[in-house]
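See below for the structure under consideration.
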Amino acid sequence: MATVVLQARGLEKTYRVGEIDIHALRGVDFELSDGEFVVLLGPSGSGKSTLLNILGGLDVPTRGTVHFLDHDLTVANDAALTRYRREHVGFVFQFYNLIPSLTARENVALVTDIADNPMKPEEALALVGLSTRLDHFPSQLSGGEQQRVAIARAIVKRPALLLCDEPTGALDAETGRLVLQAIDRVNRELHTTTAVITHNAPIASMADRVIRLQDGQIGQQTVNATKKRPEELTW
Ligand SMILES: Nc1ncnc2c1ncn2[C@@H]1O[C@H](COP(=O)(O)OP(=O)(O)O)[C@@H](O)[C@H]1O
Ligand SMILES: [Mg+2]
């Protein structure tokens, strides 16, 4: 049995907006095993980002627990959550949030200053296929290339977890596939436990396991006996 890296039990998240309670998560049980690649699939508003943010220590649940290995994140204070994120979690979002005045290499290098055992920025950029773009500024890169810089930035510190929220959401299918290839390669070569959120069903076939979210609850789960390569996906 593979080690469970992340385990959530009975997660609930309620947002209070004015007089109204919005139940974004209604009792979610979730786990991620070491080295696993999971796709979280669900329509807009189903609670995917809320779940990922809680798993990544960016937000806290209203009820329930999250364990990273044997650390209970739900009793952690702000400083401990910050340390968890800094040491163990790489995030990739729909928008790249690169610093426009820094090159690709410099954007990735920023993170290595605060990491324990980082890769070289050049190594991380090579993993995502950008060895020939080291000294390009974000404005000189396509959207897909910028997203791959963001992936390099997320993984340069060798995090245990890579959490991606709609990483291809702003990209066409062709460039989106290159981004998914980069994520897939990180998962295979660094064994980074990876969760990718999408509302795009075809992307699910590249995962080890697909978890469907609907109205803040987990629905059907599928284990893919054979995974598709990102380059085989069409959408
Ligand atoms: N900060 C917030 N305040 C109030 N409601 C929120 C907030 N964040 C998310 N929600 C609501 O919670 C539900 C789930 O949102 P979200 O997790 O972003 O879904 P998804 O990522 O699947 O689109 C939605 O109804 C959304 O409007
Ligand atoms: Mg979302």
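Ordered as shown in the structure tokens, chains take letters A, B, and onward, while each chain numbers its residues from 1 and ligands are numbered from 1 in the order shown.
For ligand 1, the neighbouring polymer residues at 6 Å or closer are Tyr15, Val17, Ala24, Pro43, Ser44, Gly45, Ser46, Gly47, Lys48, Ser49 and Thr50 of chain A, only C-alpha atoms and all ligand atoms being used.
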Write out, as a compact mmCIF listing (two decimals), in the first residue's frame, the residues just selected, with N, CA, C and O atoms.
```txt
# COMPACT_ATOMS: atom_id res chain seq x y z
N TYR A 15 -19.56 29.45 3.56
CA TYR A 15 -19.30 30.88 3.45
C TYR A 15 -20.56 31.61 3.82
O TYR A 15 -21.65 31.27 3.35
N VAL A 17 -22.51 34.91 3.33
CA VAL A 17 -22.57 36.12 2.51
C VAL A 17 -23.85 36.85 2.87
O VAL A 17 -24.95 36.40 2.52
N ALA A 24 -20.14 25.35 0.47
CA ALA A 24 -19.24 25.04 -0.64
C ALA A 24 -18.75 23.60 -0.56
O ALA A 24 -18.56 22.95 -1.59
N PRO A 43 -18.19 20.56 -12.24
CA PRO A 43 -18.62 21.79 -12.88
C PRO A 43 -18.25 23.02 -12.04
O PRO A 43 -17.90 22.90 -10.87
N SER A 44 -18.34 24.16 -12.67
CA SER A 44 -18.06 25.41 -11.98
C SER A 44 -18.98 25.55 -10.76
O SER A 44 -20.16 25.24 -10.83
N GLY A 45 -18.41 25.95 -9.64
CA GLY A 45 -19.20 26.13 -8.42
C GLY A 45 -19.36 24.88 -7.58
O GLY A 45 -20.01 24.91 -6.54
N SER A 46 -18.72 23.76 -7.99
CA SER A 46 -18.93 22.51 -7.26
C SER A 46 -18.05 22.40 -6.01
O SER A 46 -18.18 21.46 -5.24
N GLY A 47 -17.13 23.36 -5.82
CA GLY A 47 -16.31 23.36 -4.61
C GLY A 47 -14.87 22.93 -4.82
O GLY A 47 -14.12 22.75 -3.85
N LYS A 48 -14.44 22.81 -6.08
CA LYS A 48 -13.09 22.32 -6.38
C LYS A 48 -12.01 23.23 -5.80
O LYS A 48 -11.09 22.77 -5.14
N SER A 49 -12.12 24.53 -6.08
CA SER A 49 -11.09 25.45 -5.59
C SER A 49 -11.09 25.52 -4.07
O SER A 49 -10.03 25.58 -3.44
N THR A 50 -12.29 25.51 -3.50
CA THR A 50 -12.38 25.53 -2.03
C THR A 50 -11.64 24.33 -1.45
O THR A 50 -10.85 24.48 -0.51
```
Those in stretch 38-101 of chain A with helix (DSSP H, G or I) from DSSP, as a short mmCIF file (atom, residue, chain, number, x, y, z; two decimals) with N, CA and C atoms, in the first residue's frame:
```cif
data_model
loop_
_atom_site.label_atom_id
_atom_site.label_comp_id
_atom_site.auth_asym_id
_atom_site.auth_seq_id
_atom_site.Cartn_x
_atom_site.Cartn_y
_atom_site.Cartn_z
N LYS A 48 -14.44 22.81 -6.08
CA LYS A 48 -13.09 22.32 -6.38
C LYS A 48 -12.01 23.23 -5.80
N SER A 49 -12.12 24.53 -6.08
CA SER A 49 -11.09 25.45 -5.59
C SER A 49 -11.09 25.52 -4.07
N THR A 50 -12.29 25.51 -3.50
CA THR A 50 -12.38 25.53 -2.03
C THR A 50 -11.64 24.33 -1.45
N LEU A 51 -11.85 23.15 -2.03
CA LEU A 51 -11.18 21.95 -1.54
C LEU A 51 -9.67 22.06 -1.70
N LEU A 52 -9.22 22.47 -2.89
CA LEU A 52 -7.77 22.54 -3.14
C LEU A 52 -7.10 23.55 -2.21
N ASN A 53 -7.78 24.68 -2.00
CA ASN A 53 -7.20 25.71 -1.13
C ASN A 53 -7.07 25.20 0.30
N ILE A 54 -8.02 24.41 0.74
CA ILE A 54 -7.93 23.86 2.10
C ILE A 54 -6.81 22.81 2.17
N LEU A 55 -6.72 21.96 1.14
CA LEU A 55 -5.66 20.94 1.13
C LEU A 55 -4.27 21.59 1.11
N LEU A 73 -3.40 19.75 9.95
CA LEU A 73 -3.36 21.15 9.50
C LEU A 73 -4.48 21.97 10.12
N THR A 74 -5.52 21.28 10.59
CA THR A 74 -6.67 22.02 11.10
C THR A 74 -6.45 22.53 12.53
N VAL A 75 -5.34 22.13 13.16
CA VAL A 75 -5.02 22.74 14.45
C VAL A 75 -3.79 23.66 14.32
N ASP A 78 -1.35 30.18 11.96
CA ASP A 78 -0.97 30.79 10.68
C ASP A 78 0.49 30.54 10.33
N ALA A 79 1.35 30.63 11.32
CA ALA A 79 2.78 30.44 11.05
C ALA A 79 3.06 29.01 10.59
N ALA A 80 2.39 28.06 11.22
CA ALA A 80 2.61 26.65 10.84
C ALA A 80 2.04 26.37 9.45
N LEU A 81 0.90 26.98 9.13
CA LEU A 81 0.33 26.80 7.79
C LEU A 81 1.23 27.42 6.72
N THR A 82 1.80 28.56 7.04
CA THR A 82 2.73 29.21 6.11
C THR A 82 3.93 28.30 5.87
N ARG A 83 4.44 27.70 6.95
CA ARG A 83 5.59 26.81 6.82
C ARG A 83 5.22 25.58 5.97
N TYR A 84 4.03 25.03 6.22
CA TYR A 84 3.54 23.88 5.43
C TYR A 84 3.53 24.23 3.95
N ARG A 85 2.95 25.38 3.62
CA ARG A 85 2.88 25.79 2.21
C ARG A 85 4.27 25.98 1.63
N ARG A 86 5.13 26.64 2.40
CA ARG A 86 6.45 26.98 1.87
C ARG A 86 7.30 25.73 1.65
N GLU A 87 7.20 24.77 2.59
CA GLU A 87 8.09 23.61 2.51
C GLU A 87 7.55 22.49 1.63
N HIS A 88 6.23 22.37 1.58
CA HIS A 88 5.68 21.13 1.02
C HIS A 88 4.75 21.27 -0.18
#
```
Practice task
Return the single residue from A:Phe68, A:Phe30, A:Phe93, A:Trp235 that is closest to ligand 2, with distances computed using only C-alpha atoms and all ligand atoms.
Solution key: A:Phe93
Practice task
Name all residues at most 6 Å from A:Pro230 (count only C-alpha atoms; drop same-chain ones fewer than 6 positions away) and give them as an MDAnalysis selection string.
Solution key: chainID A and resid 177 180:181
Practice task
Within 10 Å of A:Ala115, counting only C-alpha atoms, which residues show up once you throw out same-chain ones fewer than 2 positions away? Write them as a ChimeraX atom specification, please.
Solution key: /A:86-88,110-113,117-119,156-159
